[in-house]
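Participant: What follows is entry23.txt, made up of compact mmCIF, C-alpha atoms:
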```
# COMPACT_ATOMS: atom_id res chain seq x y z
CA MET A 10 -37.81 27.89 10.31
CA GLU A 11 -41.46 28.42 9.48
CA GLN A 12 -41.27 25.68 6.92
CA ALA A 13 -39.68 23.34 9.40
CA ALA A 14 -42.41 23.92 11.94
CA LYS A 15 -45.06 23.40 9.29
CA ALA A 16 -43.53 20.15 8.16
CA GLY A 17 -43.60 18.64 11.64
CA PRO A 18 -46.91 16.80 11.47
CA GLY A 19 -47.29 17.41 7.73
CA PRO A 20 -46.88 14.91 4.92
CA ALA A 21 -44.18 12.34 5.46
CA LEU A 22 -41.15 12.77 3.27
CA ASP A 23 -40.62 10.04 0.79
CA LEU A 24 -37.03 8.93 1.26
CA GLN A 25 -37.67 6.16 -1.20
CA ALA A 26 -38.52 8.69 -3.92
CA LEU A 27 -35.40 10.74 -3.12
CA TRP A 28 -33.38 7.54 -3.28
CA ARG A 29 -34.80 6.72 -6.69
CA ASP A 30 -34.23 10.23 -8.02
CA SER A 31 -30.60 10.32 -6.95
CA GLN A 32 -29.89 7.17 -9.00
CA ILE A 33 -27.48 6.26 -6.29
CA ASP A 34 -28.96 2.80 -6.34
CA ALA A 35 -27.38 2.04 -9.70
CA ALA A 36 -23.98 3.24 -8.51
CA LEU A 37 -24.15 1.19 -5.31
CA GLU A 38 -25.36 -1.83 -7.20
CA SER A 39 -22.48 -1.68 -9.64
CA LEU A 40 -20.18 -1.32 -6.64
CA GLU A 41 -21.72 -4.50 -5.21
CA ARG A 42 -21.54 -6.34 -8.51
CA GLU A 43 -18.12 -5.34 -9.76
CA LEU A 44 -16.19 -5.25 -6.51
CA VAL A 45 -15.79 -8.55 -4.71
CA GLY A 46 -15.64 -8.65 -0.91
CA LEU A 47 -14.69 -5.38 0.82
CA SER A 48 -17.76 -5.49 3.05
CA PRO A 49 -16.54 -2.82 5.55
CA VAL A 50 -15.93 -0.49 2.62
CA LYS A 51 -19.34 -1.08 1.11
CA THR A 52 -21.03 -0.60 4.48
CA ARG A 53 -19.30 2.73 4.93
CA VAL A 54 -20.18 3.86 1.42
CA ARG A 55 -23.83 2.99 2.12
CA GLU A 56 -23.73 4.93 5.38
CA ILE A 57 -22.33 7.98 3.65
CA ALA A 58 -24.96 7.71 0.92
CA ALA A 59 -27.71 7.47 3.56
CA LEU A 60 -26.33 10.47 5.43
CA LEU A 61 -26.24 12.60 2.31
CA LEU A 62 -29.75 11.53 1.35
CA VAL A 63 -31.16 12.42 4.77
CA GLU A 64 -29.25 15.68 4.61
CA GLN A 65 -30.93 16.37 1.27
CA ALA A 66 -34.35 15.63 2.78
CA ARG A 67 -33.62 17.93 5.72
CA ARG A 68 -32.59 20.68 3.34
CA SER A 69 -35.85 20.35 1.44
CA LEU A 70 -37.63 21.11 4.74
CA GLY A 71 -35.48 24.17 5.27
CA LEU A 72 -33.47 22.62 8.09
CA GLN A 73 -30.13 24.28 7.58
CA ALA A 74 -26.96 22.43 8.37
CA SER A 75 -23.56 22.87 6.83
CA PRO A 76 -22.72 19.96 4.54
CA PRO A 77 -20.93 17.18 6.42
CA PRO A 78 -17.20 17.09 5.69
CA LEU A 79 -16.46 14.03 3.62
CA HIS A 80 -12.68 13.92 3.42
CA MET A 81 -11.59 10.31 3.67
CA SER A 82 -8.57 8.17 4.18
CA PHE A 83 -8.30 4.76 2.55
CA THR A 84 -5.81 2.41 4.15
CA GLY A 85 -4.98 -1.11 3.16
CA ASN A 86 -2.40 -3.42 1.65
CA PRO A 87 -1.40 -3.14 -2.02
CA GLY A 88 -4.00 -4.31 -4.50
CA THR A 89 -7.02 -4.10 -2.20
CA GLY A 90 -8.95 -1.73 -4.47
CA LYS A 91 -8.32 1.70 -2.95
CA THR A 92 -8.04 3.53 -6.27
CA THR A 93 -10.99 1.68 -7.77
CA VAL A 94 -13.25 2.61 -4.87
CA ALA A 95 -12.06 6.23 -5.04
CA MET A 96 -13.21 6.37 -8.67
CA ARG A 97 -16.61 5.01 -7.68
CA MET A 98 -16.78 7.40 -4.75
CA ALA A 99 -16.47 10.35 -7.13
CA SER A 100 -19.47 9.27 -9.17
CA ILE A 101 -21.51 8.35 -6.06
CA LEU A 102 -20.89 11.75 -4.48
CA HIS A 103 -21.81 13.36 -7.77
CA GLY A 104 -25.06 11.37 -7.87
CA LEU A 105 -25.90 12.63 -4.40
CA GLY A 106 -25.16 16.20 -5.42
CA TYR A 107 -22.36 16.56 -2.90
CA VAL A 108 -19.76 17.46 -5.54
CA ARG A 109 -20.76 19.40 -8.62
CA LYS A 110 -18.78 17.64 -11.38
CA GLY A 111 -17.75 14.23 -10.09
CA HIS A 112 -14.36 13.90 -11.77
CA LEU A 113 -11.39 12.30 -10.05
CA VAL A 114 -7.95 13.92 -10.02
CA ALA A 115 -5.40 11.33 -8.91
CA VAL A 116 -2.04 12.71 -7.77
CA THR A 117 1.05 11.66 -5.85
CA ARG A 118 3.73 13.63 -4.05
CA ASP A 119 5.41 14.62 -7.33
CA ASP A 120 2.33 16.52 -8.49
CA LEU A 121 2.02 18.54 -5.29
CA VAL A 122 5.51 19.23 -4.02
CA GLY A 123 7.97 21.42 -5.90
CA GLN A 124 11.70 21.12 -6.22
CA TYR A 125 12.80 24.51 -4.98
CA ILE A 126 11.60 27.29 -2.69
CA GLY A 127 8.42 28.90 -3.93
CA HIS A 128 7.61 26.11 -6.35
CA THR A 129 5.32 24.09 -4.08
CA ALA A 130 2.50 26.54 -3.41
CA PRO A 131 1.62 27.27 -7.07
CA LYS A 132 1.90 23.57 -7.91
CA THR A 133 -0.39 22.48 -5.10
CA LYS A 134 -2.87 25.27 -5.79
CA GLU A 135 -2.96 24.36 -9.47
CA VAL A 136 -3.84 20.76 -8.61
CA LEU A 137 -6.47 21.89 -6.11
CA LYS A 138 -8.04 24.15 -8.72
CA ARG A 139 -8.24 21.31 -11.21
CA ALA A 140 -9.89 19.11 -8.58
CA MET A 141 -12.55 21.68 -7.61
CA GLY A 142 -16.01 20.26 -8.08
CA GLY A 143 -14.69 16.72 -7.86
CA VAL A 144 -12.52 14.40 -5.84
CA LEU A 145 -8.80 14.80 -5.21
CA PHE A 146 -7.17 11.41 -4.68
CA ILE A 147 -3.70 11.54 -3.13
CA ASP A 148 -2.03 8.17 -3.46
CA GLU A 149 0.64 7.25 -0.92
CA ALA A 150 -0.07 10.43 0.99
CA TYR A 151 2.55 9.73 3.65
CA TYR A 152 5.31 10.67 1.22
CA LEU A 153 4.11 14.27 1.60
CA TYR A 154 5.64 14.35 5.03
CA ARG A 155 9.31 13.57 5.42
CA PRO A 156 10.32 13.96 9.05
CA GLU A 157 13.98 13.16 8.33
CA ASN A 158 14.37 16.35 6.27
CA GLU A 159 13.18 19.43 8.07
CA ARG A 160 13.58 21.59 4.97
CA ASP A 161 11.35 19.34 2.91
CA TYR A 162 8.67 21.25 0.99
CA GLY A 163 6.01 18.60 1.68
CA GLN A 164 4.94 20.39 4.83
CA GLU A 165 4.03 23.44 2.76
CA ALA A 166 1.80 21.32 0.50
CA ILE A 167 0.12 19.80 3.57
CA GLU A 168 -0.64 23.25 4.97
CA ILE A 169 -2.22 24.45 1.74
CA LEU A 170 -4.23 21.24 1.55
CA LEU A 171 -5.47 21.68 5.11
CA GLN A 172 -6.53 25.23 4.43
CA VAL A 173 -8.60 24.25 1.39
CA MET A 174 -10.01 21.14 3.10
CA GLU A 175 -11.27 23.38 5.88
CA ASN A 176 -12.48 26.45 3.99
CA GLN A 177 -13.76 25.02 0.72
CA ARG A 178 -15.17 21.68 1.77
CA GLY A 179 -18.18 22.24 -0.45
CA ASP A 180 -15.91 22.48 -3.47
CA LEU A 181 -13.90 19.32 -3.26
CA VAL A 182 -13.45 16.05 -1.39
CA VAL A 183 -9.93 14.91 -0.56
CA ILE A 184 -9.18 11.20 -0.30
CA LEU A 185 -5.81 10.12 1.08
CA ALA A 186 -4.69 6.58 0.42
CA GLY A 187 -1.81 4.40 1.47
CA TYR A 188 -0.55 1.42 3.43
CA ARG A 189 -2.00 1.05 6.89
CA ASP A 190 1.02 1.41 9.19
CA ARG A 191 2.61 4.28 7.26
CA MET A 192 -0.68 6.20 7.13
CA ALA A 193 -1.02 5.75 10.89
CA ARG A 194 2.45 7.26 11.33
CA PHE A 195 1.57 10.07 8.90
CA PHE A 196 -1.56 10.98 10.87
CA ALA A 197 0.30 10.74 14.17
CA SER A 198 2.80 13.35 13.00
CA ASN A 199 0.12 15.54 11.35
CA PRO A 200 -2.68 15.82 13.90
CA GLY A 201 -4.26 18.65 11.90
CA MET A 202 -4.72 16.31 8.97
CA ALA A 203 -6.10 13.50 11.13
CA SER A 204 -8.71 15.72 12.75
CA ARG A 205 -10.02 17.01 9.43
CA ILE A 206 -10.64 13.57 8.02
CA ALA A 207 -13.99 12.23 9.11
CA HIS A 208 -13.92 8.84 7.47
CA HIS A 209 -11.12 6.36 7.93
CA ILE A 210 -11.88 3.34 5.80
CA ASP A 211 -9.80 0.22 6.13
CA PHE A 212 -9.52 -2.12 3.16
CA PRO A 213 -9.13 -5.73 4.35
CA ASP A 214 -7.09 -8.33 2.48
CA TYR A 215 -9.03 -10.63 0.18
CA SER A 216 -9.66 -14.27 1.05
CA ASP A 217 -8.66 -16.97 -1.45
CA GLU A 218 -12.26 -17.40 -2.55
CA GLU A 219 -12.67 -13.66 -3.13
CA LEU A 220 -9.48 -13.55 -5.16
CA PHE A 221 -10.78 -16.38 -7.30
CA ARG A 222 -14.01 -14.51 -7.95
CA ILE A 223 -12.00 -11.40 -8.81
CA ALA A 224 -10.02 -13.48 -11.30
CA GLU A 225 -13.26 -14.71 -12.88
CA LEU A 226 -14.55 -11.14 -13.17
CA MET A 227 -11.30 -9.97 -14.76
CA LEU A 228 -11.34 -12.85 -17.25
CA ALA A 229 -14.98 -12.24 -18.14
CA ARG A 230 -14.12 -8.61 -18.88
CA MET A 231 -11.30 -9.76 -21.19
CA ASN A 232 -13.52 -12.42 -22.83
CA TYR A 233 -11.60 -15.38 -21.52
CA ARG A 234 -12.89 -18.35 -19.57
CA LEU A 235 -11.31 -21.08 -17.49
CA SER A 236 -11.53 -24.77 -18.19
CA GLU A 237 -12.41 -26.86 -15.14
CA ALA A 238 -8.86 -28.03 -14.66
CA ALA A 239 -7.63 -24.47 -15.07
CA ALA A 240 -10.00 -23.25 -12.35
CA GLU A 241 -8.58 -25.90 -10.06
CA ALA A 242 -5.03 -24.82 -10.95
CA LEU A 243 -5.85 -21.17 -10.35
CA ARG A 244 -7.25 -21.93 -6.89
CA GLU A 245 -4.05 -23.77 -6.02
CA TYR A 246 -2.01 -20.92 -7.48
CA ILE A 247 -3.76 -18.34 -5.30
CA ALA A 248 -3.18 -20.38 -2.12
CA LEU A 249 0.52 -20.81 -2.97
CA ARG A 250 1.07 -17.26 -4.18
CA ARG A 251 -0.24 -15.80 -0.93
CA LYS A 252 2.58 -17.44 1.00
CA GLN A 253 5.27 -15.92 -1.19
CA PRO A 254 6.84 -12.47 -0.82
CA HIS A 255 5.49 -9.34 -2.56
CA PHE A 256 1.93 -10.60 -2.59
CA ALA A 257 -0.30 -7.73 -3.74
CA ASN A 258 -3.83 -9.14 -3.59
CA ALA A 259 -5.84 -8.41 -6.74
CA ARG A 260 -2.82 -6.93 -8.51
CA SER A 261 -0.90 -10.20 -8.17
CA ILE A 262 -3.90 -12.01 -9.60
CA ARG A 263 -4.06 -9.67 -12.55
CA ASN A 264 -0.37 -10.20 -13.24
CA ALA A 265 -0.84 -13.98 -13.00
CA LEU A 266 -3.68 -13.80 -15.49
CA ASP A 267 -1.61 -11.68 -17.85
CA ARG A 268 1.19 -14.23 -17.75
CA ALA A 269 -1.32 -17.05 -18.29
CA ARG A 270 -2.57 -15.23 -21.39
CA LEU A 271 1.00 -15.06 -22.67
CA ARG A 272 1.45 -18.81 -22.22
CA HIS A 273 -1.95 -19.42 -23.77
CA ALA A 274 -1.00 -17.43 -26.85
CA ASN A 275 2.34 -19.15 -27.01
CA ARG A 276 0.70 -22.59 -26.75
CA LEU A 277 -1.68 -21.82 -29.61
CA PHE A 278 1.16 -20.41 -31.69
CA ALA A 279 3.32 -23.51 -31.10
CA ARG A 280 0.79 -25.76 -32.77
CA ARG A 281 -0.05 -23.43 -35.63
CA GLY A 282 -1.15 -25.22 -38.79
CA GLY A 283 -3.76 -27.19 -36.89
CA ALA A 284 -7.38 -26.07 -36.88
CA LEU A 285 -8.27 -23.45 -34.35
CA ALA A 286 -11.74 -23.30 -32.81
CA ALA A 287 -13.26 -20.24 -31.18
CA ALA A 288 -13.23 -22.12 -27.89
CA ASP A 289 -9.44 -22.53 -28.13
CA LEU A 290 -9.01 -18.77 -28.37
CA THR A 291 -11.08 -18.07 -25.27
CA THR A 292 -10.27 -20.96 -22.95
CA LEU A 293 -7.32 -20.91 -20.58
CA GLU A 294 -6.11 -24.40 -19.72
CA ALA A 295 -4.53 -25.74 -16.55
CA GLU A 296 -1.09 -25.91 -18.15
CA ASP A 297 -1.15 -22.13 -18.68
CA PHE A 298 -1.17 -21.75 -14.90
CA ARG A 299 0.82 -24.85 -13.94
CA ALA A 300 3.83 -23.56 -15.87
CA SER A 301 4.18 -20.76 -13.34
CA ARG A 302 7.23 -20.74 -11.11
CA VAL A 303 4.96 -20.40 -8.10
CA PHE A 304 4.18 -24.11 -8.34
CA ARG A 305 7.85 -24.97 -8.16
CA GLY A 306 8.32 -23.01 -4.96
CA GLY A 307 10.37 -20.38 -6.77
CA ALA A 308 9.92 -16.67 -6.33
CA VAL A 309 7.83 -14.99 -9.00
CA ASP A 310 9.59 -12.62 -11.36
CA ALA A 311 7.42 -9.61 -10.53
CA ALA A 312 4.74 -9.07 -7.89
CA MET B 146 -18.97 57.61 -15.67
CA ARG B 147 -19.65 53.94 -16.09
CA LEU B 148 -17.04 52.23 -18.22
CA THR B 149 -18.65 50.15 -20.94
CA GLN B 150 -16.14 47.67 -22.23
CA GLY B 151 -16.57 44.00 -23.06
CA THR B 152 -19.66 41.84 -22.97
CA PHE B 153 -22.60 42.65 -20.64
CA SER B 154 -21.24 46.13 -19.86
CA PHE B 155 -24.56 47.84 -20.62
CA LEU B 156 -26.33 45.52 -18.16
CA PRO B 157 -26.36 45.98 -14.40
CA ASP B 158 -23.29 44.45 -12.76
CA LEU B 159 -23.37 40.64 -12.65
CA ASP B 160 -23.67 39.06 -9.22
CA ASP B 161 -21.51 36.10 -8.22
CA ALA B 162 -24.09 33.48 -9.25
CA GLN B 163 -24.31 35.04 -12.71
CA ILE B 164 -20.51 35.25 -12.98
CA ARG B 165 -20.31 31.57 -11.99
CA ALA B 166 -22.85 30.66 -14.67
CA GLN B 167 -20.87 32.54 -17.32
CA VAL B 168 -17.60 30.92 -16.26
CA GLU B 169 -19.29 27.49 -16.29
CA TYR B 170 -20.33 28.22 -19.87
CA CYS B 171 -16.72 29.06 -20.80
CA LEU B 172 -15.36 25.91 -19.16
CA LYS B 173 -18.01 23.78 -20.86
CA ASN B 174 -16.68 25.06 -24.19
CA GLY B 175 -13.14 24.17 -23.20
CA TRP B 176 -11.89 27.74 -23.04
CA ALA B 177 -9.06 28.83 -20.76
CA VAL B 178 -10.22 31.50 -18.34
CA SER B 179 -7.99 34.27 -16.99
CA LEU B 180 -8.28 37.50 -15.00
CA GLU B 181 -6.98 40.96 -15.85
CA HIS B 182 -7.07 44.23 -13.96
CA THR B 183 -6.34 47.90 -14.67
CA ASP B 184 -6.72 51.36 -13.21
CA ASP B 185 -6.54 53.11 -16.58
CA PRO B 186 -10.18 53.30 -17.56
CA HIS B 187 -9.95 54.54 -21.14
CA PRO B 188 -12.42 52.64 -23.39
CA ARG B 189 -9.67 52.00 -25.93
CA ASN B 190 -7.27 50.60 -23.36
CA THR B 191 -7.47 46.87 -24.01
CA TYR B 192 -4.04 45.96 -22.61
CA TRP B 193 -4.79 45.21 -18.98
CA GLU B 194 -2.47 43.51 -16.54
CA MET B 195 -2.80 39.80 -15.89
CA PHE B 196 -3.72 38.54 -12.47
CA GLY B 197 -2.03 35.16 -12.18
CA LEU B 198 -1.78 32.83 -15.14
CA PRO B 199 -4.68 31.62 -17.28
CA LEU B 200 -6.20 28.50 -15.72
CA PHE B 201 -6.21 25.45 -17.95
CA ASP B 202 -7.88 22.04 -17.52
CA LEU B 203 -10.49 23.26 -15.06
CA LYS B 204 -13.74 21.35 -14.58
CA ASP B 205 -15.50 23.67 -12.17
CA ALA B 206 -15.90 27.43 -11.79
CA ALA B 207 -15.12 27.42 -8.06
CA ALA B 208 -11.41 27.98 -8.72
CA ILE B 209 -12.11 31.06 -10.88
CA LEU B 210 -14.56 32.45 -8.35
CA SER B 211 -11.98 32.20 -5.57
CA LEU B 212 -9.40 33.83 -7.86
CA ILE B 213 -11.80 36.71 -8.55
CA GLU B 214 -12.31 37.09 -4.80
CA GLU B 215 -8.55 37.16 -4.27
CA CYS B 216 -8.12 39.76 -7.00
CA ARG B 217 -10.89 41.93 -5.51
CA ARG B 218 -9.14 41.82 -2.16
CA THR B 219 -5.79 42.73 -3.72
CA TYR B 220 -7.12 45.52 -5.97
CA PRO B 221 -10.40 46.76 -4.51
CA ASN B 222 -10.13 49.99 -6.51
CA ARG B 223 -9.45 48.67 -9.97
CA TYR B 224 -11.40 47.31 -12.87
CA ILE B 225 -11.24 43.51 -13.07
CA LYS B 226 -12.35 41.49 -16.05
CA VAL B 227 -12.67 37.82 -16.88
CA ASN B 228 -11.32 36.66 -20.25
CA ALA B 229 -11.99 33.34 -21.94
CA PHE B 230 -9.59 32.13 -24.61
CA ASP B 231 -10.33 29.49 -27.18
CA SER B 232 -7.30 27.55 -28.45
CA THR B 233 -9.02 25.03 -30.74
CA ARG B 234 -7.60 26.67 -33.87
CA GLY B 235 -4.06 26.59 -32.57
CA TRP B 236 -3.92 30.19 -31.40
CA GLU B 237 -5.59 31.87 -28.47
CA ALA B 238 -8.74 33.62 -29.66
CA LEU B 239 -10.61 35.76 -27.17
CA ARG B 240 -14.19 34.47 -27.02
CA LEU B 241 -15.67 36.27 -24.07
CA SER B 242 -14.55 39.14 -21.90
CA PHE B 243 -16.58 40.86 -19.22
CA ILE B 244 -16.00 43.19 -16.29
CA VAL B 245 -16.63 41.62 -12.88
CA HIS B 246 -15.48 44.41 -10.60
CA ARG B 247 -15.20 48.21 -10.82
CA PRO B 248 -14.02 50.96 -8.48
CA GLU B 249 -16.69 52.46 -6.28
CA ALA B 250 -16.58 55.88 -7.88
CA GLU B 251 -15.89 56.20 -11.58
CA PRO B 252 -14.87 59.80 -12.45
CA ARG B 253 -16.00 61.29 -15.73
CA PHE B 254 -13.95 61.98 -18.84
CA ALA B 255 -12.63 65.38 -19.87
CA LEU B 256 -12.90 66.48 -23.47
CA VAL B 257 -9.56 67.88 -24.61
CA ARG B 258 -9.61 70.03 -27.75
CA THR B 259 -6.38 70.26 -29.72
CA GLU B 260 -6.06 72.87 -32.45
CA ALA B 261 -4.55 71.39 -35.57
CA GLU B 262 -3.60 72.88 -38.96
CA GLY B 263 -6.24 75.08 -40.62
CA ARG B 264 -8.13 75.68 -37.37
CA ASN B 265 -9.16 72.02 -37.35
CA LEU B 266 -10.07 70.61 -33.96
CA ARG B 267 -9.05 67.19 -32.71
CA TYR B 268 -10.81 65.74 -29.72
CA THR B 269 -9.42 63.50 -27.01
CA ALA B 270 -11.38 61.83 -24.21
CA HIS B 271 -9.21 61.96 -21.14
CA PRO B 272 -10.29 60.25 -17.90
CA TYR B 273 -10.04 62.46 -14.83
CA ALA B 274 -8.97 59.37 -12.93
CA ALA B 275 -5.82 59.16 -15.07
CA LEU B 276 -4.65 62.62 -14.01
CA ARG B 277 -3.13 61.06 -10.95
CA PRO B 278 -0.22 58.60 -11.21
CA ALA B 279 -0.94 54.90 -11.57
CA GLY B 280 -1.65 53.23 -8.25
CA GLU B 281 -3.11 56.40 -6.69
CA ARG B 282 -6.20 56.62 -8.88
CA TYR B 283 -9.63 56.01 -7.37
```
For the file at hand, write its structure as structure tokens.
Facilitator:
Amino acid sequence: MEQAAKAGPGPALDLQALWRDSQIDAALESLERELVGLSPVKTRVREIAALLLVEQARRSLGLQASPPPLHMSFTGNPGTGKTTVAMRMASILHGLGYVRKGHLVAVTRDDLVGQYIGHTAPKTKEVLKRAMGGVLFIDEAYYLYRPENERDYGQEAIEILLQVMENQRGDLVVILAGYRDRMARFFASNPGMASRIAHHIDFPDYSDEELFRIAELMLARMNYRLSEAAAEALREYIALRRKQPHFANARSIRNALDRARLRHANRLFARRGGALAAADLTTLEAEDFRASRVFRGGAVDAA
Amino acid sequence: MRLTQGTFSFLPDLDDAQIRAQVEYCLKNGWAVSLEHTDDPHPRNTYWEMFGLPLFDLKDAAAILSLIEECRRTYPNRYIKVNAFDSTRGWEALRLSFIVHRPEAEPRFALVRTEAEGRNLRYTAHPYAALRPAGERY
């Protein structure tokens, strides 16, 4: 208290210096660079980073406040980057000193819920203990709750989760993820869970242009590049693919690229004997994409 | 009489921050940490009872600390120790073991003299606490 009073007119705190020291800048920058689009998500991540930084500054003045609860829920369609952002979140929270270790434990219903009476509690507790000091990421969290079966053990796991989320919020951050409508139903039937989650982050679908940039990033990481005609074909592919069933945003794009690589390899193999330049090995051509069934209006084999 | 068994037992009792630091050290080395408790305070009694299973794959000491707290609540009048096992050689080797909780009062030990052949004397240290049946000591 004394300290706080003293600091009133005293030297201004250097938030900039704190910002530099936390090295959060690098984490946010890589988020900006490596994740295309997702502006609501990035805004929220920045807000959380700012909050934690200010909290740190307040603590250095002796202004006591319990750490803000940071449990989150990520909702969005398949392939919108929920898991990827969760990974980043773990290292950002670690950089800000909110979690001590910064590892991510990703689980689904199978890892939390047991098969017979008395099996669930030890299983859930074991997972929670492993996640202490880091981030617990529960994918497709709505499967925990099965209203159609009143003897389902999921409820037990939810209760243990709630207890730890409330009492040991300094020890771990829980992130629930899943599709939008089903998460909404999950929260509606578990008001306790909804009220303990401070941050609901919605992942929007990607636009065609964003998907194209994602494709470029993925290819660059795999040391491939697109010829001009291939870029044109890929743009057309994205526009067509979106209209077909089972479209899963970035995941569909990754699958399309993987199939294009197959055709690329096959094409090179078909004309073996001829000379092969380095450029041939790295360049995907239009025909690698045009061969896809998407262009013939047919359904794709898999997402 | 203060029971001296395991590491650090000649030092003052460790506080929770010190226990956390020790457990962090164990986890950093990749050792599996477990808890044991007993109410039979003989210095040669090394077979204590397990409290829960050893915890594998931990990254942070918070889980152990909460387990210690739980064990203290369950057995406030027993000795509790933390063990760290190293499995890198294919078997579980005990690397570190220290007492984290003791009963409030620790009775002394009686010296029992037994006459043996040829007027020889054999000595036994017998804890007064162990005169009562298990579960009612302390």
Participant: Quick one: which residues from chain B are at most 10 Å off chain A, using all atoms listed in the file, as a PyMOL selection string?
Facilitator: chain B and resi 200-209+211-212
Participant: For the selection you just gave me, I'd like the residues written to a file as an mmCIF file, in the frame of the given file, keeping C-alpha atoms.
Facilitator:
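Contents of part28.cif, as written:
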```cif
data_model
loop_
_atom_site.group_PDB
_atom_site.id
_atom_site.type_symbol
_atom_site.label_atom_id
_atom_site.label_comp_id
_atom_site.auth_asym_id
_atom_site.auth_seq_id
_atom_site.Cartn_x
_atom_site.Cartn_y
_atom_site.Cartn_z
ATOM 1 C CA LEU B 200 -6.200 28.500 -15.720
ATOM 2 C CA PHE B 201 -6.210 25.450 -17.950
ATOM 3 C CA ASP B 202 -7.880 22.040 -17.520
ATOM 4 C CA LEU B 203 -10.490 23.260 -15.060
ATOM 5 C CA LYS B 204 -13.740 21.350 -14.580
ATOM 6 C CA ASP B 205 -15.500 23.670 -12.170
ATOM 7 C CA ALA B 206 -15.900 27.430 -11.790
ATOM 8 C CA ALA B 207 -15.120 27.420 -8.060
ATOM 9 C CA ALA B 208 -11.410 27.980 -8.720
ATOM 10 C CA ILE B 209 -12.110 31.060 -10.880
ATOM 11 C CA SER B 211 -11.980 32.200 -5.570
ATOM 12 C CA LEU B 212 -9.400 33.830 -7.860
#
```
Participant: Excluding range 37-48 of chain A and its own-chain neighbours fewer than 5 positions away, which residues fall within 10 Å of it when counting only C-alpha atoms? Please give them as a VMD selection string.
Facilitator: chain A and resid 32 53 to 55 58 89 to 90 93 to 94 97 to 98 101 211 to 216 218 to 223 226 to 227
Participant: Hey, what's within 12 Å of Arg272 in chain A if we count only C-alpha atoms and toss same-chain stuff fewer than 6 positions away? As an NGL selection string, please?
Facilitator: :A and (265-266 or 278-279 or 292-301)
Participant: Give me the residues near Gln167 in chain B as a short mmCIF file (atom, residue, chain, number, x, y, z; two decimals) with C-alpha atoms, in the coordinates of the input, where near means some atom within 12 Å (using all atoms listed in the file) and where sequence neighbours in that chain fewer than 2 positions away do not count.
Facilitator:
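What landed in out.cif:
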```cif
data_model
loop_
_atom_site.label_atom_id
_atom_site.label_comp_id
_atom_site.auth_asym_id
_atom_site.auth_seq_id
_atom_site.Cartn_x
_atom_site.Cartn_y
_atom_site.Cartn_z
CA THR B 152 -19.66 41.84 -22.97
CA PHE B 153 -22.60 42.65 -20.64
CA LEU B 159 -23.37 40.64 -12.65
CA ASP B 160 -23.67 39.06 -9.22
CA ASP B 161 -21.51 36.10 -8.22
CA ALA B 162 -24.09 33.48 -9.25
CA GLN B 163 -24.31 35.04 -12.71
CA ILE B 164 -20.51 35.25 -12.98
CA ARG B 165 -20.31 31.57 -11.99
CA GLU B 169 -19.29 27.49 -16.29
CA TYR B 170 -20.33 28.22 -19.87
CA CYS B 171 -16.72 29.06 -20.80
CA LEU B 172 -15.36 25.91 -19.16
CA LYS B 173 -18.01 23.78 -20.86
CA ASN B 174 -16.68 25.06 -24.19
CA TRP B 176 -11.89 27.74 -23.04
CA VAL B 178 -10.22 31.50 -18.34
CA ASP B 205 -15.50 23.67 -12.17
CA ALA B 206 -15.90 27.43 -11.79
CA ILE B 209 -12.11 31.06 -10.88
CA LEU B 210 -14.56 32.45 -8.35
CA VAL B 227 -12.67 37.82 -16.88
CA ASN B 228 -11.32 36.66 -20.25
CA ALA B 229 -11.99 33.34 -21.94
CA ARG B 240 -14.19 34.47 -27.02
CA LEU B 241 -15.67 36.27 -24.07
CA SER B 242 -14.55 39.14 -21.90
CA PHE B 243 -16.58 40.86 -19.22
CA ILE B 244 -16.00 43.19 -16.29
CA VAL B 245 -16.63 41.62 -12.88
#
```
Participant: Determine, counting only C-alpha atoms, which protein, DNA and RNA residues have an atom within 9 Å of an atom of Lys226 in chain B; residues of the same chain fewer than 3 positions away are not included. Present the result as an MDAnalysis selection string.
Facilitator: chainID B and resid 151 179:183 193 213 242:247
Participant: The residues within 7 Å of (-5.5, 14.5, -1.5), using all atoms listed in the file and the coordinates of the file, should be reported as a PyMOL selection string; which are they?
Facilitator: chain A and resi 145-147+183-185
Participant: Box for range 131-146 of chain A: with edges along x, y and z, all listed atoms inside and 8 Å added on each side, what are the centre and edge lengths in Å to one decimal, as AutoDock Vina command-line options?
Facilitator:
```
--center_x -7.1 --center_y 19.3 --center_z -7.9 --size_x 33.9 --size_y 31.9 --size_z 22.5
```
Participant: Just checking: using all atoms listed in the file, which residue out of A:Met192, A:Leu290, A:Leu235, A:Ala166 ends up closest to His128 in chain A?
Facilitator: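 Of all the options, A:Ala166 lies closest to His128 in chain A.
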Participant: Between CA of Ala197 in chain A and CA of Asp161 in chain A, what distance in Å does the model show, to one decimal?
Facilitator: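 It comes out at 18.0 Å.
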